[in-house]
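In what follows, a single structure is set out as structure tokens and then discussed.
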Amino acid sequence: DTRDPYTRALSLDNKRSLIVSDRSLRPQGFSVKQGKAAHWRGGNACASVICELHVRDFTNDSSSGIEENLRGTFLGACYPRSHNFAGDSTGIDYIKSMGYSYIQLQPIFDHHKTYSDEGKILYNWGYDPENYNVPDRQFAMDQIDPLAPILEFKRMIQAYHDAGIGVIMDVVYNHTYSSHNSPFQLSSPYYYYRMQNDGSFQDGSGCGNETASEKEMFRKYMLDSILYWTEEYNIDGFRFDLMGLHDVDTMNLIRNTLDGIDQQILVYGEGWDMGVGLPVRQKAMKANADQLPRIAFFNDNARDAVKGREVYGDIEAGFVSGAPLEWEVSQALLGSQAFAPYSMPGQVLNYIEAHDNYNLHDLLKVLHPEDSKEDRKARVYLANALNLSMQGLCFMQLGQEFMRTKIRSTGGNGEITAQDLLRARNSYNAPDGVNAVNWDLVTEHQDLIEKIRKLVNFKKNGRELSETKYDRINSNEVIEENGYCSGIVKVTIKNTENKTFIFNNHEKSFNLY
């Protein structure tokens, strides 16, 4: 009648749950380690630099240098010694060379798929959950063995752990693809979802329904699923999509239970105020950060201040475009205490680019079409320098350090159309030509990459930018200059060797001395 909501493996047509032995789910060389044995997790989350990527995007372009049958797969994502046409590293070797602490994978659990007339899977980011506890078959090289997605994903995780890099999952427990045909609805109708009084589904997710984390058995399901990925796959952290739809108690239960396994496992999410199904103080959103210790939130205040933002189709400039946001930028550098009731810097996940909305390069291209390539590169460097200098965790999308673009012109004579811009802004179902990483840009922007690599290492290895307590930041970090319209934010960190950071949006420059 239905697949089991707890399904761990699926038939080749995804219609049936499979019963399999534990022994058949462990590839050779794979091992689960927690606590001190999981050395790649490090000891201070605030010194972490997280790199977001999509498994298909990562290696699907021929410039990745990956063998064609491995492109866009788990095995392609851990294929060693790959390089582009100029001989520069790509794939996992590039991730290692940048010094990233973690990779965060866009959805790899089984999700809804659409197909072309030729039967090929059309591109989709994957925020359409079908089976939460099964790796998606499309990322497996072997399309015949029903266990291949499980085994190949574990081989990929092991390769990153062996390289000293953690693996974070993007999880989407807030809604399911189907309201009426999901395993939840078929097995226990109307229990797992928030419903309207008239019997229709609440839709705070904007995807047709929203799950009810406050109900005991869905709360248990979320916890069980998280523990399964942690204990069976050795996942190192979880990024919660639309976390504001979940309730505070459920998120704290997950955090506290994971602490019993390893306190270094990361938990963070989108803390937006979503839906009307929960009282305001019960929502796991950024405005309730004081109720959610040791859970981090995407810092959109810092993103908007640095890069600018898109608001219902309108675009606003940020500091790197010359907007007078000196105060906002300076507060972000101090750990964003002014923006939300955070209790510690470890609750702040700083970012300027993610899979949603325009890439940094593309937003700057739209804002400053007159810029030369060097001017745009200077703005990109300034934005990255700010992102990597803020107290709290640092999050980056793969490619923001080498001018990755999703703007592909389809107009006559190479003209960029309105549709091209719309597709770049929200590329969730755009073709591979838009989404796939062009690794040739690594060769073109080696100078920019090298400067950002140094900042990544400084963030990871220095104490100055990874404070874990606000009282130390307030005692040691001083805003020397942030005058309105001055274009300059100057910060000094006092320690045995004082360090001063100067960010100048007029000269589009960053200096550290």
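As shown in the structure tokens, the chain order sets the letters A, B, ...; within each chain, residues go from 1, and ligands are also counted from 1 in the order they appear.
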* So which bits of segment 4-77 of chain A end up helix (DSSP H, G or I) when you DSSP the backbone, as a list in words? -> Asp22, Arg23, Ser24, Leu25, Gly35, Lys36, Ala37, His39, Trp40, Arg41, Ala45, Cys46, Ala47, Val55, Arg56, Asp57, Phe58, Thr59, Ser62, Ser63, Ser64, Glu68, Asn69, Leu70, Gly76 and Ala77 of chain A
Write out, as a CSV table (one decimal), in the first residue's frame, the residues just selected, with N, CA, C and O atoms.
```
chain,number,residue,atom,x,y,z
A,22,ASP,N,22.4,-5.4,7.4
A,22,ASP,CA,23.3,-4.3,7.8
A,22,ASP,C,24.7,-4.6,7.1
A,22,ASP,O,25.3,-3.7,6.6
A,23,ARG,N,25.0,-5.9,7.0
A,23,ARG,CA,26.3,-6.2,6.4
A,23,ARG,C,26.5,-5.8,5.0
A,23,ARG,O,27.5,-5.4,4.5
A,24,SER,N,25.3,-5.8,4.3
A,24,SER,CA,25.4,-5.4,2.8
A,24,SER,C,25.4,-3.9,2.6
A,24,SER,O,25.6,-3.5,1.5
A,25,LEU,N,25.4,-3.1,3.7
A,25,LEU,CA,25.4,-1.7,3.6
A,25,LEU,C,26.7,-1.0,4.0
A,25,LEU,O,26.7,0.2,4.1
A,35,GLY,N,33.3,11.6,18.3
A,35,GLY,CA,34.1,12.2,19.4
A,35,GLY,C,35.5,12.5,18.9
A,35,GLY,O,35.8,12.9,17.8
A,36,LYS,N,36.5,12.2,19.8
A,36,LYS,CA,37.9,12.5,19.5
A,36,LYS,C,38.4,11.8,18.2
A,36,LYS,O,39.3,12.2,17.5
A,37,ALA,N,37.8,10.6,18.0
A,37,ALA,CA,38.2,9.8,16.8
A,37,ALA,C,37.9,10.5,15.5
A,37,ALA,O,38.5,10.3,14.5
A,39,HIS,N,38.5,13.3,14.1
A,39,HIS,CA,39.5,14.4,14.2
A,39,HIS,C,39.2,15.6,13.2
A,39,HIS,O,39.6,16.7,13.5
A,40,TRP,N,38.6,15.2,12.1
A,40,TRP,CA,38.3,16.2,11.1
A,40,TRP,C,37.3,17.3,11.5
A,40,TRP,O,37.2,18.3,10.9
A,41,ARG,N,36.5,17.0,12.6
A,41,ARG,CA,35.5,18.0,13.0
A,41,ARG,C,36.1,19.2,13.7
A,41,ARG,O,35.5,20.2,13.8
A,45,ALA,N,33.8,25.3,16.5
A,45,ALA,CA,32.9,25.6,15.3
A,45,ALA,C,33.1,26.9,14.7
A,45,ALA,O,33.0,27.1,13.5
A,46,CYS,N,33.5,27.9,15.5
A,46,CYS,CA,33.6,29.3,15.0
A,46,CYS,C,34.9,29.5,14.2
A,46,CYS,O,35.0,30.5,13.5
A,47,ALA,N,35.7,28.5,14.1
A,47,ALA,CA,36.9,28.5,13.2
A,47,ALA,C,36.6,27.7,11.9
A,47,ALA,O,37.5,27.5,11.1
A,55,VAL,N,26.0,17.9,-5.7
A,55,VAL,CA,26.8,16.8,-6.2
A,55,VAL,C,26.8,16.8,-7.8
A,55,VAL,O,27.9,16.6,-8.4
A,56,ARG,N,25.7,17.1,-8.4
A,56,ARG,CA,25.6,17.1,-9.8
A,56,ARG,C,26.4,18.3,-10.4
A,56,ARG,O,27.2,18.1,-11.3
A,57,ASP,N,26.3,19.4,-9.9
A,57,ASP,CA,27.0,20.6,-10.4
A,57,ASP,C,28.5,20.5,-10.3
A,57,ASP,O,29.3,21.0,-11.1
A,58,PHE,N,28.9,19.8,-9.2
A,58,PHE,CA,30.3,19.7,-8.8
A,58,PHE,C,31.2,19.2,-9.9
A,58,PHE,O,32.3,19.8,-10.2
A,59,THR,N,30.8,18.2,-10.6
A,59,THR,CA,31.7,17.5,-11.6
A,59,THR,C,31.0,17.3,-12.9
A,59,THR,O,31.6,16.7,-13.8
A,62,SER,N,32.5,19.2,-18.4
A,62,SER,CA,33.7,18.5,-18.9
A,62,SER,C,34.9,19.1,-18.4
A,62,SER,O,36.0,18.5,-18.3
A,63,SER,N,34.9,20.4,-18.0
A,63,SER,CA,36.0,21.1,-17.4
A,63,SER,C,36.5,20.5,-16.1
A,63,SER,O,37.6,20.8,-15.7
A,64,SER,N,35.7,19.7,-15.5
A,64,SER,CA,36.1,19.1,-14.2
A,64,SER,C,37.2,18.1,-14.4
A,64,SER,O,37.9,17.7,-13.5
A,68,GLU,N,33.7,10.6,-17.8
A,68,GLU,CA,32.4,11.0,-18.2
A,68,GLU,C,31.3,10.2,-17.4
A,68,GLU,O,30.3,10.7,-16.9
A,69,ASN,N,31.6,8.9,-17.1
A,69,ASN,CA,30.6,8.0,-16.4
A,69,ASN,C,30.5,8.4,-14.9
A,69,ASN,O,29.6,7.9,-14.2
A,70,LEU,N,31.5,9.2,-14.4
A,70,LEU,CA,31.5,9.5,-13.0
A,70,LEU,C,31.0,11.0,-12.8
A,70,LEU,O,30.8,11.3,-11.6
A,76,GLY,N,32.2,10.6,-8.4
A,76,GLY,CA,32.9,11.7,-9.1
A,76,GLY,C,33.3,12.8,-8.1
A,76,GLY,O,34.3,13.4,-8.3
A,77,ALA,N,32.5,13.0,-7.1
A,77,ALA,CA,32.7,14.0,-6.1
A,77,ALA,C,33.9,13.7,-5.2
A,77,ALA,O,34.4,14.6,-4.5
```
* Excluding same-chain residues fewer than 2 positions from Tyr484 of chain A, what lies within 12 Å of it counting only C-alpha atoms, as a ChimeraX atom specification? -> /A:319,322-330,481-482,486-489
* Structure fact -> Residue with the minimum atom-to-atom distance to Ala302 of chain A, picked from A:Ser225, A:Ala383, A:Tyr132, A:Pro369 with only C-alpha atoms counted, is A:Ala383
* Which is closest to Glu270 of chain A among A:Lys499, A:Arg255, A:Lys307, A:Lys286, if we use only C-alpha atoms? -> A:Lys286
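If you count only C-alpha atoms and ignore residues fewer than 5 places along the chain from Pro189 of chain A, what sits within 10 Å of it is Ser179, His180, Asn181, Ser182, Pro183 and Phe184 of chain A.
Nearest to Asn384 of chain A of all the residues A:Gln196, A:Asn209, A:Gln263, A:Ser509 is A:Ser509, counting only C-alpha atoms.
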* Residues of segment 388-419 of chain A in strand (DSSP E or B) according to DSSP, as a PyMOL selection string? -> chain A and resi 393-397
Write a file of the selected residues as a compact mmCIF listing (two decimals), in the first residue's frame, keeping C-alpha atoms.
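Result written to result-v2.txt:
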```txt
# COMPACT_ATOMS: atom_id res chain seq x y z
CA LEU A 393 30.96 30.34 11.51
CA CYS A 394 31.73 31.06 7.87
CA PHE A 395 29.71 29.64 4.97
CA MET A 396 30.61 29.91 1.28
CA GLN A 397 29.08 28.54 -1.90
```
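The space between atom CA of Ser343 of chain A and atom CA of Val306 of chain A spans 23.1 Å.
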* Structure fact -> Shortest contact to Cys78 of chain A, candidates A:Gln138, A:Asn124, A:Gln347, A:Gln158, atoms counted only C-alpha atoms, goes to A:Gln158
* To do: Considering only C-alpha atoms, state which residue in the set A:Gly166, A:Pro279, A:Gly318, A:Gly126 is at the smallest distance from Gly237 of chain A.
  => A:Gly166
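Candidate residues A:Met243, A:Glu353, A:Gly275, A:Met222 were compared for distance to Gln202 of chain A, and the nearest is A:Gly275, using only C-alpha atoms.
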* Leaving out Ile235 of chain A and any residue of its chain fewer than 5 positions from it, which residues lie within 10 Å of it when counting only C-alpha atoms, given as a PyMOL selection string? -> chain A and resi 32-34+154+157+161+166-169+226-230+265-266
* To do: Fewer than 5 positions away in the same chain doesn't count, so skip those; otherwise give me all residues within 9 Å of Asp362 of chain A, counting only C-alpha atoms, as an NGL selection string.
  => :A and (367 or 403-407 or 421 or 424-425)
Can those selected residues be exported to a file as a PDB file, in the first residue's frame so that it contains C-alpha atoms?
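Saved as again.pdb:
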```
ATOM      1  CA  LEU A 367      24.274  46.208 -10.126  1.00  0.00           C
ATOM      2  CA  MET A 403      33.705  34.466  -9.977  1.00  0.00           C
ATOM      3  CA  ARG A 404      31.289  31.590 -10.646  1.00  0.00           C
ATOM      4  CA  THR A 405      28.375  32.738 -12.777  1.00  0.00           C
ATOM      5  CA  LYS A 406      24.977  31.325 -13.682  1.00  0.00           C
ATOM      6  CA  ILE A 407      24.158  33.993 -16.251  1.00  0.00           C
ATOM      7  CA  LEU A 421      18.622  36.845 -15.465  1.00  0.00           C
ATOM      8  CA  ALA A 424      20.285  32.818 -12.807  1.00  0.00           C
ATOM      9  CA  ARG A 425      18.432  34.268  -9.818  1.00  0.00           C
TER      10      ARG A 425
END
```
Write out as an mmCIF file with all heavy atoms, in the first residue's frame which residues come within 9 Å of segment 443-456 of chain A when counting only C-alpha atoms, dropping same-chain ones fewer than 6 positions away.
```
data_model
loop_
_atom_site.group_PDB
_atom_site.id
_atom_site.type_symbol
_atom_site.label_atom_id
_atom_site.label_comp_id
_atom_site.auth_asym_id
_atom_site.auth_seq_id
_atom_site.Cartn_x
_atom_site.Cartn_y
_atom_site.Cartn_z
ATOM 1 N N VAL A 49 35.037 26.819 8.188
ATOM 2 C CA VAL A 49 34.656 27.398 6.900
ATOM 3 C C VAL A 49 33.960 26.288 6.115
ATOM 4 O O VAL A 49 34.567 25.267 5.796
ATOM 5 C CB VAL A 49 35.863 27.938 6.122
ATOM 6 C CG1 VAL A 49 35.399 28.571 4.806
ATOM 7 C CG2 VAL A 49 36.633 28.955 6.958
ATOM 8 N N ASN A 84 41.464 20.504 -14.606
ATOM 9 C CA ASN A 84 40.845 21.079 -15.796
ATOM 10 C C ASN A 84 41.822 21.036 -16.970
ATOM 11 O O ASN A 84 42.917 20.469 -16.863
ATOM 12 C CB ASN A 84 40.334 22.501 -15.520
ATOM 13 C CG ASN A 84 41.462 23.484 -15.196
ATOM 14 O OD1 ASN A 84 42.654 23.190 -15.362
ATOM 15 N ND2 ASN A 84 41.097 24.669 -14.717
ATOM 16 N N ALA A 86 43.724 23.160 -18.186
ATOM 17 C CA ALA A 86 45.012 23.840 -17.977
ATOM 18 C C ALA A 86 45.866 23.148 -16.929
ATOM 19 O O ALA A 86 46.984 23.571 -16.661
ATOM 20 C CB ALA A 86 44.766 25.297 -17.570
ATOM 21 N N GLY A 87 45.332 22.083 -16.335
ATOM 22 C CA GLY A 87 46.100 21.333 -15.345
ATOM 23 C C GLY A 87 45.875 21.762 -13.905
ATOM 24 O O GLY A 87 46.543 21.251 -12.995
ATOM 25 N N ASP A 88 44.927 22.684 -13.662
ATOM 26 C CA ASP A 88 44.643 23.108 -12.285
ATOM 27 C C ASP A 88 43.659 22.139 -11.631
ATOM 28 O O ASP A 88 42.749 21.617 -12.281
ATOM 29 C CB ASP A 88 44.064 24.523 -12.276
ATOM 30 C CG ASP A 88 45.101 25.557 -12.680
ATOM 31 O OD1 ASP A 88 46.211 25.518 -12.117
ATOM 32 O OD2 ASP A 88 44.807 26.393 -13.554
ATOM 33 N N SER A 97 42.724 21.827 -1.380
ATOM 34 C CA SER A 97 43.699 22.916 -1.562
ATOM 35 C C SER A 97 43.211 24.226 -0.961
ATOM 36 O O SER A 97 44.006 25.056 -0.524
ATOM 37 C CB SER A 97 44.003 23.114 -3.050
ATOM 38 O OG SER A 97 42.925 23.748 -3.725
ATOM 39 N N MET A 98 41.878 24.435 -0.920
ATOM 40 C CA MET A 98 41.332 25.665 -0.349
ATOM 41 C C MET A 98 41.323 25.637 1.172
ATOM 42 O O MET A 98 41.203 26.674 1.821
ATOM 43 C CB MET A 98 39.911 25.905 -0.865
ATOM 44 C CG MET A 98 39.854 26.401 -2.299
ATOM 45 S SD MET A 98 40.703 27.984 -2.558
ATOM 46 C CE MET A 98 39.746 29.088 -1.532
ATOM 47 N N GLY A 99 41.413 24.444 1.756
ATOM 48 C CA GLY A 99 41.437 24.342 3.205
ATOM 49 C C GLY A 99 40.068 24.381 3.861
ATOM 50 O O GLY A 99 39.969 24.653 5.066
ATOM 51 N N TYR A 100 39.012 24.103 3.111
ATOM 52 C CA TYR A 100 37.676 24.125 3.699
ATOM 53 C C TYR A 100 37.548 23.079 4.798
ATOM 54 O O TYR A 100 38.057 21.966 4.687
ATOM 55 C CB TYR A 100 36.612 23.891 2.633
ATOM 56 C CG TYR A 100 36.494 25.005 1.629
ATOM 57 C CD1 TYR A 100 36.613 24.774 0.267
ATOM 58 C CD2 TYR A 100 36.281 26.310 2.050
ATOM 59 C CE1 TYR A 100 36.515 25.803 -0.659
ATOM 60 C CE2 TYR A 100 36.184 27.355 1.139
ATOM 61 C CZ TYR A 100 36.304 27.087 -0.214
ATOM 62 O OH TYR A 100 36.213 28.124 -1.116
ATOM 63 N N LYS A 377 36.177 42.027 -9.815
ATOM 64 C CA LYS A 377 36.993 41.115 -9.020
ATOM 65 C C LYS A 377 37.353 41.759 -7.678
ATOM 66 O O LYS A 377 37.372 41.085 -6.642
ATOM 67 C CB LYS A 377 38.263 40.735 -9.795
ATOM 68 C CG LYS A 377 39.094 39.660 -9.118
ATOM 69 C CD LYS A 377 40.356 39.336 -9.923
ATOM 70 C CE LYS A 377 40.063 38.597 -11.183
ATOM 71 N NZ LYS A 377 41.313 38.071 -11.825
ATOM 72 N N ALA A 378 37.604 43.061 -7.686
ATOM 73 C CA ALA A 378 37.932 43.764 -6.441
ATOM 74 C C ALA A 378 36.735 43.752 -5.491
ATOM 75 O O ALA A 378 36.882 43.556 -4.278
ATOM 76 C CB ALA A 378 38.359 45.198 -6.747
ATOM 77 N N VAL A 380 34.379 41.471 -5.428
ATOM 78 C CA VAL A 380 34.239 40.081 -4.976
ATOM 79 C C VAL A 380 35.233 39.790 -3.856
ATOM 80 O O VAL A 380 34.891 39.144 -2.852
ATOM 81 C CB VAL A 380 34.427 39.106 -6.152
ATOM 82 C CG1 VAL A 380 34.606 37.670 -5.665
ATOM 83 C CG2 VAL A 380 33.236 39.192 -7.108
ATOM 84 N N TYR A 381 36.463 40.272 -4.009
ATOM 85 C CA TYR A 381 37.461 40.042 -2.961
ATOM 86 C C TYR A 381 37.077 40.748 -1.670
ATOM 87 O O TYR A 381 37.168 40.177 -0.583
ATOM 88 C CB TYR A 381 38.840 40.507 -3.424
ATOM 89 C CG TYR A 381 39.896 40.349 -2.358
ATOM 90 C CD1 TYR A 381 40.135 39.117 -1.755
ATOM 91 C CD2 TYR A 381 40.649 41.437 -1.935
ATOM 92 C CE1 TYR A 381 41.095 38.968 -0.768
ATOM 93 C CE2 TYR A 381 41.623 41.297 -0.948
ATOM 94 C CZ TYR A 381 41.829 40.063 -0.374
ATOM 95 O OH TYR A 381 42.781 39.924 0.613
ATOM 96 N N ASN A 384 34.314 38.773 0.038
ATOM 97 C CA ASN A 384 34.835 37.556 0.653
ATOM 98 C C ASN A 384 35.667 37.870 1.889
ATOM 99 O O ASN A 384 35.617 37.135 2.887
ATOM 100 C CB ASN A 384 35.670 36.770 -0.361
ATOM 101 C CG ASN A 384 34.824 35.871 -1.238
ATOM 102 O OD1 ASN A 384 34.372 34.807 -0.823
ATOM 103 N ND2 ASN A 384 34.592 36.306 -2.470
ATOM 104 N N ALA A 385 36.441 38.953 1.835
ATOM 105 C CA ALA A 385 37.250 39.338 2.990
ATOM 106 C C ALA A 385 36.355 39.667 4.183
ATOM 107 O O ALA A 385 36.661 39.293 5.328
ATOM 108 C CB ALA A 385 38.135 40.531 2.636
ATOM 109 N N LEU A 388 34.837 36.372 5.637
ATOM 110 C CA LEU A 388 35.810 35.559 6.358
ATOM 111 C C LEU A 388 36.395 36.267 7.576
ATOM 112 O O LEU A 388 37.165 35.661 8.324
ATOM 113 C CB LEU A 388 36.928 35.127 5.414
ATOM 114 C CG LEU A 388 36.522 34.000 4.453
ATOM 115 C CD1 LEU A 388 37.378 34.006 3.204
ATOM 116 C CD2 LEU A 388 36.607 32.647 5.158
ATOM 117 N N SER A 389 36.022 37.524 7.793
ATOM 118 C CA SER A 389 36.540 38.269 8.939
ATOM 119 C C SER A 389 35.513 38.442 10.045
ATOM 120 O O SER A 389 35.802 39.052 11.080
ATOM 121 C CB SER A 389 37.025 39.660 8.494
ATOM 122 O OG SER A 389 38.054 39.553 7.527
ATOM 123 N N GLU A 401 34.584 32.250 -4.763
ATOM 124 C CA GLU A 401 35.975 32.691 -4.715
ATOM 125 C C GLU A 401 36.621 32.728 -6.094
ATOM 126 O O GLU A 401 37.747 33.205 -6.234
ATOM 127 C CB GLU A 401 36.781 31.793 -3.765
ATOM 128 C CG GLU A 401 37.122 30.407 -4.289
ATOM 129 C CD GLU A 401 35.990 29.402 -4.178
ATOM 130 O OE1 GLU A 401 34.827 29.807 -3.966
ATOM 131 O OE2 GLU A 401 36.262 28.198 -4.322
ATOM 132 N N PHE A 402 35.927 32.233 -7.134
ATOM 133 C CA PHE A 402 36.516 32.345 -8.480
ATOM 134 C C PHE A 402 35.504 32.847 -9.514
ATOM 135 O O PHE A 402 35.532 32.468 -10.678
ATOM 136 C CB PHE A 402 37.189 31.041 -8.932
ATOM 137 C CG PHE A 402 36.347 29.783 -8.915
ATOM 138 C CD1 PHE A 402 35.379 29.548 -9.875
ATOM 139 C CD2 PHE A 402 36.575 28.809 -7.958
ATOM 140 C CE1 PHE A 402 34.638 28.379 -9.887
ATOM 141 C CE2 PHE A 402 35.843 27.620 -7.948
ATOM 142 C CZ PHE A 402 34.866 27.412 -8.929
ATOM 143 N N MET A 403 34.599 33.730 -9.065
ATOM 144 C CA MET A 403 33.705 34.466 -9.977
ATOM 145 C C MET A 403 32.728 33.541 -10.707
ATOM 146 O O MET A 403 32.399 33.763 -11.879
ATOM 147 C CB MET A 403 34.531 35.275 -10.990
ATOM 148 C CG MET A 403 35.646 36.112 -10.404
ATOM 149 S SD MET A 403 35.103 37.732 -9.881
ATOM 150 C CE MET A 403 35.177 38.646 -11.418
#
```
